[in-house]
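Engineer: Just passing along the structure, written as structure tokens.
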Amino acid sequence: MAAHRHADGPPAAEALRACARDVVDVAEGIREVSARTSSVLFAPALTAAARRHPRTGCAARWALLRALTDKQGLGGSAVVAPDGMGRLLGAAGQLLGRQSLAALVAVTSLRLRIAALLLDHPEFAHDPGMRRLTDAVGADDEAAVRALRALFEDPDAQRALCGLAPVLTELLTVRGLLAEDPGDDEAAWALAAGHGLTAGPGNGIGPSRPRARDRTEQAPQAVEPTAREARGLAAEGSLLGFLRNIDALSADGRLLVQEVRGPDGVLRYVVQAPGTAPGRPRDDCAQDFAGAWRNLFMADSPYTRAVLKAVRDHGIPRGADLALIGHGEGGIALLNLARDDEFCRAYRVTHVVAVGAPLDGGRPADPRTWVAGVTNRHDIVPVLDGRGTGTAGTPHPNRYEVDYTGPTREFPLCHLLSGYLEHLETVIPQARVDIDRALTPYRGRVERSRVYRLGDRARPPEGHPFLTVPTTGLVTSVGPVDVPVRYYDSSAVHLCYPVDPDVARTLLPDVAWLVPTRFGRRALAVLSLYEHRCTTLGPYTELALSVPVDDLWRPHARDIAADLLRRADLRRTGRYVVSLAVGSREARAVAEEVWAQPAVEASADVRVEGRELRARAPDMGLAVEGRPGPGVRCPEADWVLYGRRGDSTVRTLVRARGQPHAHARPRVRLRLDGAQGPLARQLQILELDAVRPAFALTNARFMAHRSAGTALPR
Amino acid sequence: MATESVPTAPELLAYVTDLRADADRMDGYARRLRGAAGTLDGCAGTPGWSGAALERQAAACATAAARLRAAAAALLAHAGRRPPR
């Protein structure tokens, strides 16, 4: 993926996308040719005829086998048969390292799609899933197929792949091709090829048709919103009010049903369904990315059925007027619902509004249903199907589509509902007016609101039991934040440098009781590099410089040794965070306002997984590169962090769960080029760019939670 | 040229027709892949590997088409008909 041609011509991204679509069609065609040829090879008629005329029969079968297994043609594993000799031959081809031509062509399509995406959204290259994917497909064709097959079978990769909405179509296609059993991924193929997946008229999901799987799949539970959330729910029906409700309740996948008394005095119902924010935890987290997305797009998806159950649980009378409003996945689920005949016979779905969701060509079951779609061109989720977002002004009386160019290009910001809310007020106010006008029957007083949590009873919540902890909401300048802040998927490395205690002391606040802990004659400075891929604050990177300090009241030389044997909550020593650089506004606000740690916002690329360690923050002129070398397992690294607010020292507990390793004298170097910002300057003061760390702690994958800061009276 | 395999011949002849149609399809796919390579050739920012990969796979499609025609001919002979010259 590295080399790019530099030629004059039309913009490549659109051409690449068009070619990727064409190439994936070709891959599907080749797969069908392979399947038909395989069926001829194993046809009973040919077998019977070959018994009667062995000479010509064998020649014919040999010719068919050669057509299927020629490495220069359809490929070694192109024999497609569900069982018996055919399956054996296909497996043998794979074992010999020969990949089918269909798989190779599909991988080419995937690579083209990735190239197009990265041209439009270079920031997506930092996405952990995209990194794994580009690593896999970066090699030559056959190696790419092998690497992808390994990636699809890696359970750890599923979360990362779930976030790759923009290349999902090709991922599903390739996964379908690489499946050992061709029957495994028929649905994936259908979706990838744009055939769509619908329940069909005889397979509706209406309220009168419970199914066996109801016992295990997502079952929404009515829950009480917090007092603050309840106060924040819209009291009057309006588009922005409904969307703000969704935004407020989306953090842990809750949907809302509101009863609105319209201007004509009629009681109507509004179902409001959230999507998911990339890099945030979800209770219905998929165990398998393809299954999760396939389910999402099926009319009979668990999400859609969960919404249906919530509607039933709410007791909405049959024949009542219903408006369905959703963001992202929620929009998709509601569109699925509106396409179901039986549902639309039970309720009168008058309006569907989908924001940041693909509004494809499917029509609602009730032709009178008014459907609106709002998509930001930069948002890559609505172009899941690779066919682009809807076009503005499509002439249809019951269809309203707005596809605008928003000011935020960067993903995932361009997909967040908060961004759409802002744009509806500032960039596309006319769309808001138009949709509000259409929603006039729902623009009255809200008489009742009920919140439902979408959960999957068959699976424990994500991070259970370590991260299923009681939480409380704190108000910050970026909105309410739940503490402890939970980290579901992070990597970290802590580089520990011996430094002059007097120099370290100059970086601490000017109070007598904050004293660097001595290790012999030296103090320690710790440069921590984090990549937080999934947290309750969203994904972000974090670079922190800290200095271990003594007990604030009764310092003792043995404290640090004793503390290593204590639980984090009983420790007296801790690390004073001198400086912090975080990759998001929300993380900065929480660091400063909740943990009292001095933070700046700066983008960084941190890669801690694998043998190589790399962190780059060009804005700060900072880079860390090298190999930690061999390490030994060490106990969980829980921490106590200190910050400073006014006359108080703020103490934060960090509990972690992972598999940390300790490395002696790691071959890792810090480079400072220009040294912009407080963190880089303090690293310069400590002269850490001149030495190698004494030791390092690495943790390639861990979970953690950080408590709210406690102000200590010192 | 009638043979003992007459009862199965119509079925085998149908396979021959299908294989020939698939061979034509594979030729068509080769043209589409070469077309995609040509389209990308003139675009700025196109990955350097794309042209060679698409050409390679187009050649494989053409080879597969030839193999399928050979299989169709062998099947035709088996069905009791001489392959067309």
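If you're wondering about the labels, chains in the structure tokens are A, B, ... by order shown, residues count from 1 in each chain, ligands from 1 in order shown.
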Would you list which chain B residues are within 7 Å of chain A using only C-alpha atoms, as a PyMOL selection string?

Structural biologist: chain B and resi 5+8+12+15+22+29+33+36+40+42-48+57+60-61+63-64+67-68+70-71+74-75+77-78

Engineer: Residues near Thr440 (chain A), anyone? I mean within 12 Å using only C-alpha atoms, not counting same-chain ones fewer than 2 positions away, as a list of chain:residue names.

Structural biologist: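 Here the answer would be A:Glu236, A:Gly237, A:Ser238, A:Leu239, A:Val260, A:Arg261, A:Gly262, A:Pro263, A:Asp264, A:Val266, A:Arg268, A:Ala323, A:Thr350, A:His351, A:Val433, A:Asp434, A:Ile435, A:Asp436, A:Arg437, A:Ala438, A:Tyr442, A:Arg443, A:Gly444, A:Arg445.
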
Engineer: Can I get the selection written as a CSV table (one decimal), in the first residue's frame, with C-alpha atoms?

Structural biologist:
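Saved result, result.csv, follows:
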chain,number,residue,atom,x,y,z
A,236,GLU,CA,-41.6,19.2,23.4
A,237,GLY,CA,-41.4,17.2,20.2
A,238,SER,CA,-38.9,18.4,17.7
A,239,LEU,CA,-36.1,16.9,15.5
A,260,VAL,CA,-46.3,13.0,22.3
A,261,ARG,CA,-49.7,14.8,22.3
A,262,GLY,CA,-49.8,16.4,18.9
A,263,PRO,CA,-51.3,19.8,18.0
A,264,ASP,CA,-54.5,18.0,17.0
A,266,VAL,CA,-53.9,12.9,19.2
A,268,ARG,CA,-48.5,9.6,19.1
A,323,ALA,CA,-42.3,8.1,14.2
A,350,THR,CA,-45.8,7.8,9.6
A,351,HIS,CA,-42.1,9.0,9.7
A,433,VAL,CA,-36.8,23.2,9.3
A,434,ASP,CA,-38.1,20.9,6.6
A,435,ILE,CA,-37.9,17.8,8.8
A,436,ASP,CA,-39.6,19.6,11.6
A,437,ARG,CA,-42.3,20.7,9.3
A,438,ALA,CA,-42.9,17.1,8.3
A,442,TYR,CA,-45.3,15.1,16.7
A,443,ARG,CA,-44.5,18.6,17.7
A,444,GLY,CA,-46.4,18.8,20.9
A,445,ARG,CA,-46.0,18.2,24.6

Engineer: Considering only C-alpha atoms, return as a CSV table (one decimal) with C-alpha atoms, in the first residue's frame whatever protein or nucleic-acid residues lie within 10 Å of region 671-687 of chain A, sequence-local ones (same chain, fewer than 5 positions apart) excluded.

Structural biologist:
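Once everything was written out, this is part.csv:
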chain,number,residue,atom,x,y,z
A,497,TYR,CA,14.6,6.6,33.6
A,498,PRO,CA,16.9,7.2,36.6
A,499,VAL,CA,17.2,11.0,36.9
A,500,ASP,CA,18.9,13.5,39.2
A,503,VAL,CA,16.2,18.2,38.7
A,504,ALA,CA,13.1,16.0,39.2
A,506,THR,CA,12.2,21.3,40.1
A,507,LEU,CA,9.3,19.7,38.0
A,525,ALA,CA,11.1,9.7,35.8
A,527,LEU,CA,7.4,8.3,30.4
A,543,LEU,CA,1.6,10.5,26.7
A,544,ALA,CA,2.5,11.2,30.3
A,545,LEU,CA,5.5,12.2,32.3
A,578,VAL,CA,4.0,16.3,35.8
A,579,SER,CA,2.7,16.7,32.3
A,580,LEU,CA,0.2,15.0,30.0
A,581,ALA,CA,-0.6,15.1,26.3
A,598,PRO,CA,-1.9,19.4,33.7
A,599,ALA,CA,-2.9,18.3,30.2
A,600,VAL,CA,-2.6,19.5,26.6
A,602,ALA,CA,-2.0,16.8,21.0
A,616,ARG,CA,5.2,9.9,17.3
A,617,ALA,CA,3.8,13.2,18.2
A,618,PRO,CA,4.9,15.5,15.4
A,619,ASP,CA,3.2,18.6,16.9
A,620,MET,CA,5.4,18.2,20.0
A,621,GLY,CA,8.5,17.2,18.1
A,622,LEU,CA,8.6,14.0,20.1
A,623,ALA,CA,9.3,10.4,18.9
A,624,VAL,CA,10.0,7.2,20.7
A,625,GLU,CA,11.2,4.2,18.8

Engineer: If you run DSSP on the backbone here, which positions in region 627-658 of chain A get strand (DSSP E)? Please write them as a list of chain:residue names.

Structural biologist: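 After running DSSP on the backbone, region 627-658 of chain A has strand (DSSP E) at A:Arg627, A:Val632, A:Arg633, A:Trp639, A:Val640, A:Leu641, A:Tyr642, A:Gly643, A:Arg644, A:Arg645, A:Ser648, A:Thr649, A:Val650, A:Arg651, A:Thr652, A:Leu653, A:Val654, A:Arg655, A:Ala656, A:Arg657, A:Gly658.
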
Engineer: For the selection just defined, write its residues with N, CA and C atoms to a file, as a short mmCIF file (atom, residue, chain, number, x, y, z; two decimals), in the first residue's frame.

Structural biologist:
data_model
loop_
_atom_site.label_atom_id
_atom_site.label_comp_id
_atom_site.auth_asym_id
_atom_site.auth_seq_id
_atom_site.Cartn_x
_atom_site.Cartn_y
_atom_site.Cartn_z
N ARG A 627 13.08 -1.30 20.35
CA ARG A 627 12.59 -2.63 20.74
C ARG A 627 12.77 -2.81 22.24
N VAL A 632 9.98 -10.28 31.16
CA VAL A 632 9.43 -11.31 32.05
C VAL A 632 8.10 -10.81 32.59
N ARG A 633 7.18 -11.77 32.78
CA ARG A 633 5.87 -11.41 33.34
C ARG A 633 6.04 -10.80 34.72
N TRP A 639 -1.78 1.60 39.84
CA TRP A 639 -1.03 2.82 40.13
C TRP A 639 -1.85 3.74 41.02
N VAL A 640 -1.12 4.58 41.74
CA VAL A 640 -1.74 5.76 42.36
C VAL A 640 -1.14 6.96 41.66
N LEU A 641 -2.01 7.81 41.14
CA LEU A 641 -1.52 9.02 40.45
C LEU A 641 -1.87 10.24 41.27
N TYR A 642 -0.97 11.20 41.29
CA TYR A 642 -1.24 12.46 41.98
C TYR A 642 -1.30 13.60 40.99
N GLY A 643 -2.20 14.53 41.27
CA GLY A 643 -2.26 15.78 40.54
C GLY A 643 -2.37 16.91 41.56
N ARG A 644 -2.53 18.09 41.09
CA ARG A 644 -2.53 19.23 42.01
C ARG A 644 -3.62 20.21 41.60
N ARG A 645 -4.49 20.54 42.55
CA ARG A 645 -5.51 21.57 42.29
C ARG A 645 -5.53 22.52 43.48
N SER A 648 -4.60 21.61 47.18
CA SER A 648 -4.81 20.19 47.46
C SER A 648 -4.02 19.33 46.49
N THR A 649 -3.69 18.16 46.97
CA THR A 649 -3.12 17.15 46.08
C THR A 649 -4.25 16.17 45.76
N VAL A 650 -4.44 15.87 44.50
CA VAL A 650 -5.57 15.01 44.09
C VAL A 650 -5.04 13.61 43.79
N ARG A 651 -5.64 12.64 44.46
CA ARG A 651 -5.17 11.25 44.37
C ARG A 651 -6.14 10.43 43.52
N THR A 652 -5.62 9.74 42.52
CA THR A 652 -6.45 8.92 41.62
C THR A 652 -5.94 7.49 41.63
N LEU A 653 -6.87 6.56 41.78
CA LEU A 653 -6.49 5.14 41.76
C LEU A 653 -6.69 4.59 40.35
N VAL A 654 -5.70 3.86 39.90
CA VAL A 654 -5.81 3.21 38.59
C VAL A 654 -5.67 1.71 38.81
N ARG A 655 -6.72 0.97 38.48
CA ARG A 655 -6.65 -0.49 38.59
C ARG A 655 -6.58 -1.05 37.18
N ALA A 656 -5.66 -1.98 36.98
CA ALA A 656 -5.46 -2.52 35.63
C ALA A 656 -5.51 -4.04 35.65
N ARG A 657 -5.86 -4.59 34.51
CA ARG A 657 -5.89 -6.04 34.39
C ARG A 657 -5.36 -6.41 33.00
N GLY A 658 -4.20 -7.03 33.00
CA GLY A 658 -3.59 -7.41 31.74
C GLY A 658 -2.43 -8.34 32.00
#

Engineer: Write out as a ChimeraX atom specification the residues lying within 7 Å of Asp41 (chain B), counting only C-alpha atoms and excluding same-chain residues fewer than 3 positions away.

Structural biologist: /B:37-38,51

Engineer: For a quick check of understanding, using only C-alpha atoms, which of A:Arg31, A:Arg588, A:Arg522, A:Arg701 has the smallest distance to Met26 (chain B)?

Structural biologist: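 Result for the nearest residue to Met26 (chain B): A:Arg31.
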
Engineer: Would you compute the distance between CA of Ala596 (chain A) and CA of Thr471 (chain A)? Give it in Å to one decimal.

Structural biologist: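 Those two atoms sit 19.3 Å apart.
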